[in-house]
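K.L.:
Have a peek at data_30.txt (compact mmCIF, C-alpha atoms).
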```
# COMPACT_ATOMS: atom_id res chain seq x y z
CA MET A 12 26.57 -2.57 11.75
CA TYR A 13 28.07 -1.90 8.39
CA TYR A 14 30.25 -4.99 8.49
CA SER A 15 27.41 -7.37 9.13
CA PHE A 16 25.94 -6.40 5.80
CA ARG A 17 29.07 -7.34 3.97
CA LYS A 18 29.53 -10.66 5.65
CA GLY A 19 27.64 -13.62 4.38
CA ILE A 20 26.11 -12.12 1.29
CA ILE A 21 28.68 -13.09 -1.26
CA VAL A 22 26.97 -14.16 -4.39
CA ASN A 23 28.55 -15.59 -7.43
CA PHE A 24 26.38 -14.34 -10.22
CA ASP A 25 28.00 -16.61 -12.78
CA ASN A 26 26.31 -19.56 -11.14
CA VAL A 27 22.92 -18.02 -11.15
CA GLU A 28 21.19 -18.90 -14.29
CA ASN A 29 18.16 -16.81 -14.80
CA GLN A 30 17.80 -13.10 -14.57
CA ASP A 31 14.80 -13.23 -12.27
CA ARG A 32 16.91 -15.05 -9.74
CA LYS A 33 19.51 -12.29 -9.93
CA LYS A 34 16.86 -9.68 -9.48
CA ASP A 35 15.58 -11.54 -6.43
CA LEU A 36 19.04 -11.59 -4.89
CA ILE A 37 19.40 -7.87 -5.44
CA ILE A 38 15.98 -7.25 -3.93
CA ASP A 39 16.86 -9.34 -0.86
CA ALA A 40 20.07 -7.41 -0.30
CA ALA A 41 18.40 -4.06 -0.94
CA LEU A 42 15.61 -4.95 1.46
CA LYS A 43 18.12 -5.42 4.28
CA ARG A 44 19.67 -2.04 3.56
CA PHE A 45 16.41 -0.14 3.11
CA ALA A 46 14.82 -1.76 6.15
CA HIS A 47 17.65 -0.51 8.31
CA PHE A 48 18.69 2.79 6.76
CA GLY A 49 15.59 3.83 4.87
CA LEU A 50 15.43 5.09 1.31
CA SER A 51 17.30 8.34 1.77
CA LYS A 52 20.31 6.92 3.63
CA THR A 53 20.91 3.95 1.35
CA THR A 54 23.04 4.25 -1.76
CA MET A 55 23.17 2.06 -4.83
CA THR A 56 26.93 1.71 -4.27
CA GLU A 57 26.34 0.13 -0.87
CA ILE A 58 23.85 -2.33 -2.30
CA ALA A 59 26.25 -3.23 -5.13
CA ASN A 60 29.04 -3.77 -2.57
CA ASP A 61 26.84 -5.97 -0.38
CA LEU A 62 26.46 -8.27 -3.36
CA SER A 63 30.01 -7.88 -4.63
CA LEU A 64 28.42 -6.70 -7.79
CA SER A 65 29.57 -4.00 -10.17
CA LYS A 66 27.50 -0.85 -10.14
CA ALA A 67 27.07 -1.19 -13.90
CA LEU A 68 25.45 -4.57 -13.50
CA LEU A 69 23.22 -3.34 -10.69
CA TYR A 70 22.04 -0.46 -12.86
CA TYR A 71 21.38 -2.93 -15.66
CA TYR A 72 18.74 -4.56 -13.50
CA PHE A 73 17.46 -1.44 -11.78
CA PRO A 74 18.03 1.84 -13.62
CA ASP A 75 17.67 3.93 -10.46
CA LYS A 76 17.20 3.72 -6.72
CA ILE A 77 13.46 4.39 -6.88
CA SER A 78 12.87 1.45 -9.22
CA LEU A 79 14.82 -0.85 -6.90
CA TYR A 80 12.97 0.54 -3.91
CA SER A 81 9.64 -0.04 -5.66
CA ALA A 82 10.64 -3.64 -6.35
CA VAL A 83 11.48 -4.07 -2.66
CA LEU A 84 8.10 -2.66 -1.64
CA LYS A 85 6.35 -4.94 -4.11
CA ASN A 86 8.17 -7.90 -2.61
CA ILE A 87 7.08 -6.96 0.91
CA ILE A 88 3.48 -6.31 -0.12
CA ASP A 89 3.29 -9.68 -1.89
CA THR A 90 4.70 -11.53 1.11
CA MET A 91 2.37 -9.76 3.50
CA ASP A 92 -0.59 -10.37 1.24
CA ALA A 93 0.14 -14.08 0.98
CA GLU A 94 0.67 -14.52 4.72
CA MET A 95 -2.45 -12.52 5.54
CA ARG A 96 -4.59 -14.55 3.18
CA LYS A 97 -3.30 -17.75 4.71
CA ASP A 98 -4.05 -16.56 8.25
CA VAL A 99 -7.47 -15.15 7.38
CA SER A 100 -8.58 -18.26 5.51
CA GLY A 101 -8.28 -20.27 8.72
CA ALA A 102 -10.74 -18.03 10.59
CA THR A 103 -14.29 -19.16 11.30
CA ASN A 104 -15.87 -15.77 12.04
CA SER A 105 -15.33 -12.20 10.95
CA GLN A 106 -13.96 -10.95 14.27
CA GLU A 107 -11.29 -13.64 14.30
CA ALA A 108 -10.46 -12.99 10.66
CA LEU A 109 -10.06 -9.26 11.22
CA THR A 110 -7.88 -9.80 14.27
CA LYS A 111 -5.58 -12.04 12.28
CA CYS A 112 -5.43 -9.54 9.46
CA LEU A 113 -4.60 -6.64 11.79
CA ASP A 114 -1.98 -8.66 13.67
CA LYS A 115 -0.21 -9.58 10.46
CA ARG A 116 -0.26 -6.05 9.16
CA GLN A 117 1.12 -4.78 12.42
CA GLU A 118 3.92 -7.32 12.30
CA PHE A 119 4.99 -6.07 8.89
CA ILE A 120 4.67 -2.39 9.63
CA THR A 121 6.72 -2.68 12.81
CA LYS A 122 9.35 -4.68 11.00
CA TYR A 123 9.67 -2.39 8.02
CA TYR A 124 8.85 0.96 9.44
CA ASN A 125 12.24 2.49 8.64
CA LEU A 126 11.70 1.62 5.06
CA LEU A 127 8.84 4.04 4.83
CA ASP A 128 10.90 7.22 4.95
CA PHE A 129 10.32 7.97 1.25
CA THR A 130 8.15 10.99 2.04
CA LYS A 131 11.18 12.80 3.39
CA ILE A 132 12.92 12.83 0.06
CA THR A 133 10.09 12.73 -2.42
CA GLY A 134 7.69 15.12 -0.68
CA ALA A 135 4.09 15.01 -1.73
CA GLU A 136 4.73 14.05 -5.33
CA LEU A 137 5.51 10.36 -5.44
CA PRO A 138 7.24 9.05 -8.53
CA GLY A 139 4.87 7.01 -10.69
CA ASN A 140 6.29 3.56 -10.02
CA LEU A 141 6.30 4.21 -6.29
CA MET A 142 2.71 5.42 -6.43
CA CYS A 143 1.77 2.12 -8.10
CA MET A 144 3.04 0.27 -5.05
CA PHE A 145 0.75 2.24 -2.79
CA VAL A 146 -2.22 1.54 -4.99
CA LYS A 147 -1.18 -2.11 -4.89
CA ALA A 148 -0.92 -2.10 -1.09
CA LYS A 149 -4.30 -0.45 -0.83
CA ASP A 150 -5.91 -2.95 -3.20
CA SER A 151 -4.39 -5.86 -1.35
CA GLU A 152 -5.78 -4.54 1.92
CA LEU A 153 -9.21 -3.99 0.41
CA MET A 154 -9.31 -7.54 -0.92
CA VAL A 155 -8.39 -9.00 2.45
CA LEU A 156 -11.05 -6.92 4.22
CA LYS A 157 -13.58 -8.10 1.66
CA THR A 158 -12.62 -11.66 2.54
CA VAL A 159 -13.12 -10.80 6.21
CA LEU A 160 -16.62 -9.53 5.48
CA GLU A 161 -17.37 -12.56 3.33
CA ILE A 162 -16.39 -14.82 6.21
CA GLY A 163 -18.90 -12.94 8.38
CA ILE A 164 -21.58 -13.25 5.73
CA SER A 165 -21.11 -16.97 5.26
CA ALA A 166 -21.02 -17.47 9.03
CA GLY A 167 -24.45 -15.82 9.07
CA GLU A 168 -23.31 -12.92 11.24
CA PHE A 169 -24.58 -10.19 8.97
CA GLU A 170 -25.66 -9.27 5.49
CA VAL A 171 -23.84 -6.63 3.50
CA ASP A 172 -25.59 -4.69 0.76
CA ASN A 173 -22.52 -3.31 -0.89
CA LEU A 174 -19.40 -5.29 -0.17
CA ASP A 175 -16.99 -2.93 -1.94
CA GLU A 176 -18.22 0.18 -0.20
CA THR A 177 -18.35 -1.45 3.18
CA ALA A 178 -14.83 -2.83 2.85
CA ALA A 179 -13.55 0.56 1.66
CA LEU A 180 -15.12 2.33 4.63
CA LEU A 181 -13.64 -0.18 7.04
CA LYS A 182 -10.23 0.17 5.43
CA ASP A 183 -10.23 3.96 5.62
CA ALA A 184 -11.49 3.91 9.18
CA LEU A 185 -8.77 1.49 10.27
CA SER A 186 -5.93 3.24 8.50
CA GLY A 187 -7.17 6.63 9.63
CA ILE A 188 -6.39 5.56 13.20
CA TYR A 189 -2.76 5.20 12.16
CA PHE A 190 -2.64 8.62 10.79
CA THR A 191 -4.24 10.42 13.69
CA VAL A 192 -2.18 8.64 16.33
CA LEU A 193 1.18 8.96 14.56
CA LYS A 194 0.66 12.56 13.58
CA ARG A 195 -0.11 13.51 17.13
CA HIS A 196 2.71 11.69 18.86
CA THR A 197 5.60 11.55 16.49
CA LYS A 198 7.97 14.38 16.96
CA GLY A 199 10.62 13.92 14.33
CA PHE A 200 12.00 10.45 14.85
CA PHE A 201 10.62 6.93 14.89
CA PRO A 202 7.32 6.08 16.51
CA GLU A 203 7.75 3.92 19.58
CA LYS A 204 6.60 0.37 20.00
CA GLU A 205 3.95 1.50 22.50
CA GLN A 206 2.41 3.69 19.84
CA PHE A 207 2.11 0.82 17.43
CA ASP A 208 0.63 -1.30 20.21
CA SER A 209 -1.85 1.40 21.04
CA ILE A 210 -2.80 1.74 17.37
CA LEU A 211 -3.33 -2.01 17.11
CA ARG A 212 -5.49 -2.09 20.25
CA ARG A 213 -7.66 0.70 18.95
CA GLN A 214 -7.92 -0.79 15.48
CA LYS A 215 -9.09 -4.04 17.03
CA LYS A 216 -11.69 -2.26 19.12
CA LEU A 217 -12.89 -0.25 16.14
CA GLY A 218 -13.03 -3.36 13.98
CA GLU A 219 -15.00 -5.18 16.67
CA ILE A 220 -17.55 -2.37 16.93
CA PHE A 221 -17.76 -2.07 13.16
CA LEU A 222 -18.43 -5.76 12.59
CA LYS A 223 -20.96 -5.80 15.42
CA GLY A 224 -22.62 -2.74 13.94
CA LEU A 225 -23.04 -4.52 10.62
CA GLU A 226 -25.23 -7.08 12.37
CA VAL A 227 -27.96 -4.51 12.87
CA THR A 228 -27.36 -1.91 10.21
CA THR A 229 -25.92 -1.59 6.76
CA VAL A 230 -23.54 0.87 5.19
CA SER A 231 -25.60 3.45 3.35
CA THR A 232 -24.65 4.40 -0.16
CA ILE A 233 -21.66 6.63 -0.37
CA SER A 234 -21.75 8.85 -3.40
CA MET B 4 -11.91 41.50 31.42
CA ILE B 5 -12.07 41.78 27.67
CA ASP B 6 -9.41 43.82 25.98
CA ARG B 7 -11.21 45.52 23.08
CA LYS B 8 -8.10 46.26 21.10
CA ARG B 9 -6.64 42.80 21.43
CA ASP B 10 -9.95 41.37 20.31
CA LEU B 11 -10.04 43.69 17.32
CA ILE B 12 -6.57 42.58 16.25
CA VAL B 13 -7.52 38.92 16.50
CA GLU B 14 -10.73 39.49 14.52
CA SER B 15 -8.82 41.27 11.80
CA ALA B 16 -6.15 38.59 11.72
CA ILE B 17 -8.83 35.89 11.36
CA LYS B 18 -10.14 37.65 8.25
CA ARG B 19 -6.68 37.95 6.70
CA PHE B 20 -5.50 34.47 7.63
CA SER B 21 -8.65 32.72 6.48
CA HIS B 22 -8.50 34.42 3.11
CA PHE B 23 -4.77 34.58 2.34
CA GLY B 24 -3.39 31.91 4.66
CA ILE B 25 -0.83 32.46 7.40
CA GLN B 26 2.20 32.61 5.16
CA LYS B 27 0.85 35.25 2.80
CA THR B 28 -0.31 37.57 5.57
CA THR B 29 2.01 40.16 7.08
CA MET B 30 1.78 41.85 10.45
CA ASN B 31 1.77 45.20 8.56
CA GLU B 32 -1.40 44.34 6.69
CA ILE B 33 -3.18 43.39 9.88
CA ALA B 34 -2.12 46.62 11.56
CA ASP B 35 -3.23 48.65 8.53
CA ASP B 36 -6.63 46.99 8.32
CA ILE B 37 -7.66 48.30 11.70
CA SER B 38 -5.47 51.41 11.82
CA VAL B 39 -3.40 50.20 14.71
CA THR B 40 0.21 51.33 14.93
CA GLN B 41 2.85 48.65 14.60
CA PRO B 42 4.28 49.21 18.11
CA SER B 43 0.80 48.81 19.45
CA LEU B 44 0.25 45.60 17.49
CA TYR B 45 3.59 44.21 18.65
CA HIS B 46 2.74 45.16 22.20
CA TYR B 47 -0.13 42.68 22.09
CA PHE B 48 1.55 40.12 19.87
CA PRO B 49 5.36 40.18 19.84
CA ASP B 50 5.44 37.99 16.72
CA LYS B 51 3.17 36.48 14.11
CA MET B 52 3.19 33.10 15.81
CA SER B 53 1.69 34.46 19.02
CA LEU B 54 -1.05 36.03 16.92
CA VAL B 55 -1.64 32.74 15.12
CA VAL B 56 -2.10 30.99 18.45
CA ALA B 57 -4.61 33.62 19.57
CA VAL B 58 -6.48 33.22 16.28
CA VAL B 59 -6.66 29.44 16.60
CA GLU B 60 -7.83 29.80 20.21
CA LYS B 61 -10.61 32.12 19.13
CA ILE B 62 -11.71 29.87 16.27
CA MET B 63 -11.84 26.87 18.58
CA ALA B 64 -13.96 28.84 21.05
CA GLN B 65 -16.32 29.74 18.20
CA TYR B 66 -16.47 26.10 17.14
CA PHE B 67 -17.50 24.92 20.58
CA SER B 68 -20.04 27.65 21.04
CA GLU B 69 -21.70 26.93 17.68
CA LEU B 70 -21.57 23.22 18.35
CA GLU B 71 -23.24 23.59 21.74
CA GLY B 72 -26.00 25.60 20.08
CA MET B 73 -26.55 22.84 17.53
CA LEU B 74 -26.52 20.13 20.18
CA GLU B 75 -29.32 21.81 22.16
CA LYS B 76 -31.70 21.18 19.28
CA VAL B 77 -31.23 17.40 19.08
CA SER B 78 -31.59 14.54 21.52
CA LEU B 79 -30.66 11.24 19.85
CA LEU B 80 -27.03 10.13 19.81
CA GLU B 81 -27.11 9.72 16.06
CA ASP B 82 -28.31 13.30 15.56
CA GLU B 83 -25.83 14.60 18.10
CA LEU B 84 -22.89 12.99 16.33
CA LEU B 85 -24.23 14.28 13.04
CA ALA B 86 -24.26 17.80 14.50
CA ILE B 87 -20.58 17.40 15.34
CA LEU B 88 -19.77 16.23 11.82
CA ILE B 89 -21.65 19.11 10.24
CA CYS B 90 -20.09 21.67 12.56
CA ARG B 91 -16.62 20.30 11.86
CA LYS B 92 -17.24 20.48 8.13
CA LYS B 93 -18.41 24.06 8.43
CA PHE B 94 -15.30 25.12 10.31
CA ILE B 95 -12.84 23.20 8.21
CA GLY B 96 -14.36 24.76 5.10
CA ARG B 97 -14.44 28.23 6.57
CA TYR B 98 -10.89 28.18 7.86
CA PHE B 99 -9.20 25.87 5.44
CA MET B 100 -6.63 28.47 4.45
CA LEU B 101 -5.39 28.31 8.01
CA ASN B 102 -4.86 24.59 7.81
CA LEU B 103 -1.88 23.54 9.77
CA THR B 104 -0.81 20.78 7.46
CA GLU B 105 0.07 22.90 4.46
CA SER B 106 3.67 22.42 3.47
CA SER B 107 5.20 25.84 3.75
CA PRO B 108 8.40 26.78 5.50
CA GLU B 109 6.29 28.06 8.37
CA ALA B 110 4.05 25.01 8.70
CA GLY B 111 6.24 23.20 11.23
CA SER B 112 6.55 26.13 13.59
CA VAL B 113 2.86 26.96 13.26
CA GLU B 114 2.02 23.39 14.15
CA ASN B 115 4.33 23.43 17.16
CA ALA B 116 3.06 26.78 18.37
CA CYS B 117 -0.56 25.65 18.11
CA TYR B 118 -0.02 22.20 19.56
CA GLY B 119 -1.17 23.21 23.04
CA VAL B 120 -4.34 24.93 21.84
CA MET B 121 -5.21 22.09 19.49
CA GLU B 122 -4.59 19.50 22.17
CA GLN B 123 -6.90 21.40 24.53
CA ALA B 124 -9.56 21.48 21.85
CA ARG B 125 -9.19 17.74 21.26
CA VAL B 126 -9.53 17.03 24.98
CA LYS B 127 -12.58 19.26 25.18
CA GLU B 128 -14.21 17.67 22.15
CA ALA B 129 -13.52 14.19 23.51
CA ALA B 130 -15.07 15.17 26.86
CA LEU B 131 -18.10 16.49 25.03
CA VAL B 132 -18.55 13.30 23.00
CA SER B 133 -17.94 11.24 26.12
CA ALA B 134 -20.77 13.12 27.87
CA LEU B 135 -23.04 12.48 24.87
CA PHE B 136 -22.21 8.77 25.00
CA SER B 137 -22.92 8.70 28.75
CA LYS B 138 -26.34 10.26 28.21
CA ALA B 139 -27.06 7.76 25.44
CA VAL B 140 -26.12 4.98 27.86
CA GLU B 141 -28.59 6.38 30.39
CA ARG B 142 -31.29 6.55 27.74
CA LYS B 143 -30.36 2.95 26.88
CA GLU B 144 -29.63 3.89 23.27
CA ILE B 145 -26.29 2.14 23.50
CA ALA B 146 -24.72 -0.40 25.84
CA ALA B 147 -22.80 0.59 28.96
CA ILE B 148 -19.47 1.20 27.28
CA GLU B 149 -16.32 2.93 28.49
CA THR B 150 -17.47 6.29 27.25
CA HIS B 151 -14.17 8.08 27.68
CA LYS B 152 -12.16 5.62 25.60
CA MET B 153 -14.91 5.24 23.03
CA SER B 154 -15.22 8.97 22.49
CA LYS B 155 -11.55 9.22 21.65
CA LEU B 156 -11.74 6.22 19.35
CA TYR B 157 -14.74 7.69 17.58
CA LEU B 158 -13.17 11.10 17.10
CA ASP B 159 -9.85 9.71 15.88
CA THR B 160 -11.69 7.51 13.42
CA ILE B 161 -13.74 10.28 11.86
CA THR B 162 -10.71 12.58 11.80
CA GLY B 163 -8.75 9.83 10.08
CA LEU B 164 -11.46 9.46 7.46
CA SER B 165 -10.91 13.02 6.30
CA VAL B 166 -7.19 12.43 5.84
CA PHE B 167 -7.57 10.25 2.78
CA GLU B 168 -9.66 12.77 0.93
CA LEU B 169 -7.29 15.60 1.70
CA ILE B 170 -3.88 13.96 1.19
CA PRO B 171 -4.03 13.93 -2.63
CA LEU B 172 -4.74 17.66 -2.46
CA LYS B 173 -1.68 18.47 -0.41
CA ASN B 174 0.15 21.42 -1.96
CA LYS B 175 -2.83 22.07 -4.19
CA PHE B 176 -5.19 24.95 -3.79
CA SER B 177 -7.87 24.57 -1.17
CA PRO B 178 -10.35 21.70 -1.60
CA GLY B 179 -13.95 22.52 -2.36
CA GLU B 180 -17.44 21.51 -1.38
CA LYS B 181 -17.10 18.23 -3.28
CA GLU B 182 -14.27 16.89 -1.10
CA PHE B 183 -15.88 18.11 2.11
CA ASN B 184 -19.18 16.47 1.19
CA SER B 185 -17.54 13.20 0.37
CA ILE B 186 -15.78 13.28 3.75
CA LEU B 187 -19.08 13.98 5.48
CA GLU B 188 -20.80 11.10 3.69
CA LYS B 189 -18.10 8.67 4.78
CA GLN B 190 -18.19 9.97 8.35
CA LYS B 191 -21.97 9.63 8.44
CA ALA B 192 -21.83 6.05 7.17
CA LEU B 193 -19.14 5.18 9.72
CA SER B 194 -21.07 6.82 12.56
CA ALA B 195 -24.18 4.79 11.79
CA VAL B 196 -22.26 1.51 11.92
CA PHE B 197 -20.34 2.67 14.99
CA ILE B 198 -23.49 3.53 16.95
CA ALA B 199 -25.12 0.27 15.88
CA GLY B 200 -22.01 -1.57 17.05
CA LEU B 201 -22.13 0.14 20.44
CA LYS B 202 -25.48 -1.53 21.12
CA ALA B 203 -23.87 -4.94 21.02
CA TYR B 204 -22.13 -4.98 24.43
CA ASP B 205 -23.34 -6.19 27.79
CA VAL B 206 -23.02 -4.16 31.01
CA HIS B 207 -19.56 -5.57 31.62
CA GLY B 208 -18.31 -4.32 28.28
CA ASN B 209 -18.21 -7.79 26.75
CA LEU B 210 -19.54 -8.53 23.32
CA LEU B 211 -22.99 -10.05 23.22
```
Is it possible to give me this structure as structure tokens?
P.N.:
Amino acid sequence: MYYSFRKGIIVNFDNVENQDRKKDLIIDAALKRFAHFGLSKTTMTEIANDLSLSKALLYYYFPDKISLYSAVLKNIIDTMDAEMRKDVSGATNSQEALTKCLDKRQEFITKYYNLLDFTKITGAELPGNLMCMFVKAKDSELMVLKTVLEIGISAGEFEVDNLDETAALLKDALSGIYFTVLKRHTKGFFPEKEQFDSILRRQKKLGEIFLKGLEVTTVSTIS
Amino acid sequence: MIDRKRDLIVESAIKRFSHFGIQKTTMNEIADDISVTQPSLYHYFPDKMSLVVAVVEKIMAQYFSELEGMLEKVSLLEDELLAILICRKKFIGRYFMLNLTESSPEAGSVENACYGVMEQARVKEAALVSALFSKAVERKEIAAIETHKMSKLYLDTITGLSVFELIPLKNKFSPGEKEFNSILEKQKALSAVFIAGLKAYDVHGNLL
């Protein structure tokens, strides 16, 4: 496994003109490492070696592992956000839009699950720049769910008194399912594919009921 | 047959645990509180973990008995689910110091030891909600849904809603009325939409 990382990714930095491009290359290489080994079992030395880059230069771009890791997360969140928006914008009703959104999210979470091992080394206190990424992920999800609701509104399915509150409730309800299922079934190591499938099925059902419920009721004010 | 002494130990342990938490309570203190000798205490509970399991069992039994009392007074699905939410809030508040998610060296083993009891409680609660859904189907309050699956989905959803309020408080001192109320408000809002959504299916379980 180790060898495959070293093959193929030989980058001549002299030919790369702007710094952003260099950063992108580092992020790409780091993403491969983190996605396989997670945060705790990846070292900056390995990432530098993958790129045939000196450690000094790597540290010039990213002063520590957490800042590189945050950049990788940002990259993934942006990609997911863009793809989700594209998928959702093609939907004609809220149920379809939500299904597309959940499918896309699932695809990313399954793909990058190993990357999310940060809690094991950082505990409850997340470093500031890492925390930002979670706020970013949350905001991105909220915005997409708002779009889902707006699709339903313009399709005449329902009216929503308070879009922000309703989207926030839907978001928490959907992500809560993750938490309860994983907490119950994960003993130590990785969750299995079946668990992710079961989460997705239940999220879809919950989303379906929620959107149907909006047709006859409205989310009351949450203080 | 009820063993008086065993019961006394469990009662005393509940008081200690719910005030000081599991980690900060010693077997000595529990024995002292009720003037039981240590050998006698260890005869009933060979280690702290077995006592913790007995305590959790007892609390769960209390929860269900109080809940059943509350459910007798209401008859609409919405009120019944509200009773569950209120009862949950009461118990989580009352026994928060016992919470199994605290990050202490003991947390993992406590969680493992209590897994069976907690799982039983979850199954029982799901069966209870499932029965409530079935009655609501009979009364035509909601559509003919798969009550068993729906009850689990409902319970997992409202449990999940509490997670986000409590995560930022991890490792902090116990949350207060404010957090618990905000959880309850969210759960109430979700329940209303959920019940409304359950009216939208036909007898074959397809969306109308």
K.L.:
Could you give me, as JSON lines, a per-residue list for chain A showing, wherever an atom lies at most 6 Å from an atom of chain B, the closest pair of atoms and their distance in Å to one decimal, using all atoms listed in the file and sorting by chain then residue number from low to high?
P.N.:
```
{"residue": "A:Asp183", "atom": "CA", "partner": "B:Leu164", "partner_atom": "CA", "distance": 5.9}
{"residue": "A:Ala184", "atom": "CA", "partner": "B:Thr160", "partner_atom": "CA", "distance": 5.6}
{"residue": "A:Gly187", "atom": "CA", "partner": "B:Gly163", "partner_atom": "CA", "distance": 3.6}
{"residue": "A:Ile188", "atom": "CA", "partner": "B:Thr160", "partner_atom": "CA", "distance": 5.7}
{"residue": "A:Thr191", "atom": "CA", "partner": "B:Gly163", "partner_atom": "CA", "distance": 5.8}
{"residue": "A:Ile220", "atom": "CA", "partner": "B:Gly200", "partner_atom": "CA", "distance": 4.5}
{"residue": "A:Phe221", "atom": "CA", "partner": "B:Phe197", "partner_atom": "CA", "distance": 5.7}
{"residue": "A:Lys223", "atom": "CA", "partner": "B:Gly200", "partner_atom": "CA", "distance": 4.7}
{"residue": "A:Gly224", "atom": "CA", "partner": "B:Gly200", "partner_atom": "CA", "distance": 3.4}
{"residue": "A:Val230", "atom": "CA", "partner": "B:Ala192", "partner_atom": "CA", "distance": 5.8}
{"residue": "A:Ser231", "atom": "CA", "partner": "B:Ala192", "partner_atom": "CA", "distance": 6.0}
```
K.L.:
Could you jot down the atom CA of B:His22 to atom CA of B:Val58 separation for me, Å, one decimal place?
P.N.:
13.4 Å
K.L.:
Just how far from atom CA of A:Asp89 is atom CA of A:Pro138, in Å to one decimal?
P.N.:
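According to the coordinates, atom CA of A:Pro138 and atom CA of A:Asp89 are separated by 20.3 Å.
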K.L.:
May I ask which of the residues B:Leu84, B:Ser133, B:Asp35, B:Ala16 is the closest one to B:Ile148, counting all atoms listed in the file?
P.N.:
B:Ser133
K.L.:
Suppose you want the space between atom CA of A:Phe45 and atom CA of A:Met95; what is it in Å?
P.N.:
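Atom-to-atom, atom CA of A:Phe45 to atom CA of A:Met95, that is 22.7 Å.
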K.L.:
Show me the residues close to (5.2, -5.6, 4.1) - anything with an atom within 8 Å, counting all atoms listed in the file - and format the list as a PDB file with C-alpha atoms, in the frame of the given file.
P.N.:
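And here's selection.pdb as it stands now:
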```pdb
ATOM      1  CA  LEU A  84       8.100  -2.660  -1.640  1.00  0.00           C
ATOM      2  CA  ASN A  86       8.170  -7.900  -2.610  1.00  0.00           C
ATOM      3  CA  ILE A  87       7.080  -6.960   0.910  1.00  0.00           C
ATOM      4  CA  ILE A  88       3.480  -6.310  -0.120  1.00  0.00           C
ATOM      5  CA  ASP A  89       3.290  -9.680  -1.890  1.00  0.00           C
ATOM      6  CA  THR A  90       4.700 -11.530   1.110  1.00  0.00           C
ATOM      7  CA  MET A  91       2.370  -9.760   3.500  1.00  0.00           C
ATOM      8  CA  ARG A 116      -0.260  -6.050   9.160  1.00  0.00           C
ATOM      9  CA  PHE A 119       4.990  -6.070   8.890  1.00  0.00           C
ATOM     10  CA  ILE A 120       4.670  -2.390   9.630  1.00  0.00           C
ATOM     11  CA  TYR A 123       9.670  -2.390   8.020  1.00  0.00           C
TER      12      TYR A 123
END
```
K.L.:
Show me, as a PyMOL selection string, the residues that have an atom within 8 Å of A:Ala41 when counting all atoms listed in the file, minus same-chain residues fewer than 2 positions from it.
P.N.:
chain A and resi 37-39+43-45+58+79-80+83
K.L.:
Could you check the closest approach to B:Ser38 for each of B:Met121, B:Leu74, B:Leu11, B:Val59 and tell me which residue wins, using all atoms listed in the file?
P.N.:
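The shortest atom-to-atom distance to B:Ser38 comes from B:Leu11.
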K.L.:
Near A:Phe145, counting only C-alpha atoms, which residues have an atom at most 12 Å away, once you skip same-chain residues fewer than 5 positions from it, shown as a count of residues only?
P.N.:
14
K.L.:
With 5 Å on each side, where is the centre of the axis-aligned box around all listed atoms of stretch 102-118 of chain A, and how long are its edges in Å to one decimal, as lines of an AutoDock Vina configuration file?
P.N.:
```
center_x = -6.0
center_y = -12.0
center_z = 11.7
size_x = 29.8
size_y = 24.4
size_z = 15.1
```
K.L.:
Give me the residues within 9 Å of B:Tyr47 as number ranges by chain, counting only C-alpha atoms and dropping any in the same chain fewer than 4 places off.
P.N.:
B: 8-9, 12, 42-43, 53-54
K.L.:
Go through A:Glu176, A:Asp75, A:Glu168, A:Glu205 one by one, measure the shortest atom-to-atom distance of each to A:Gln106 using all atoms listed in the file, and give the residue with the smallest value.
P.N.:
A:Glu168
K.L.:
Which of these, A:Val99, A:Leu69, A:Leu180, A:Leu42, has the shortest distance to A:Thr158 once you count all atoms listed in the file?
P.N.:
A:Val99
K.L.:
Excluding A:Gly163 and any residue of its chain fewer than 5 positions from it, enumerate the residues within 7 Å of it, using only C-alpha atoms, and give them as a count of residues only.
P.N.:
4
K.L.:
Could you check the closest approach to A:Phe207 for each of A:Leu193, A:Leu160, A:Leu185, A:Ala148 and tell me which residue wins, using only C-alpha atoms?
P.N.:
A:Leu193
K.L.:
Which residues, written as a PyMOL selection string, have at least one atom at most 10 Å from stretch 140-143 of chain B, with only C-alpha atoms counted and residues fewer than 4 positions away on the same chain left out?
P.N.:
chain B and resi 79-80+134-136+147-148+150+201-202
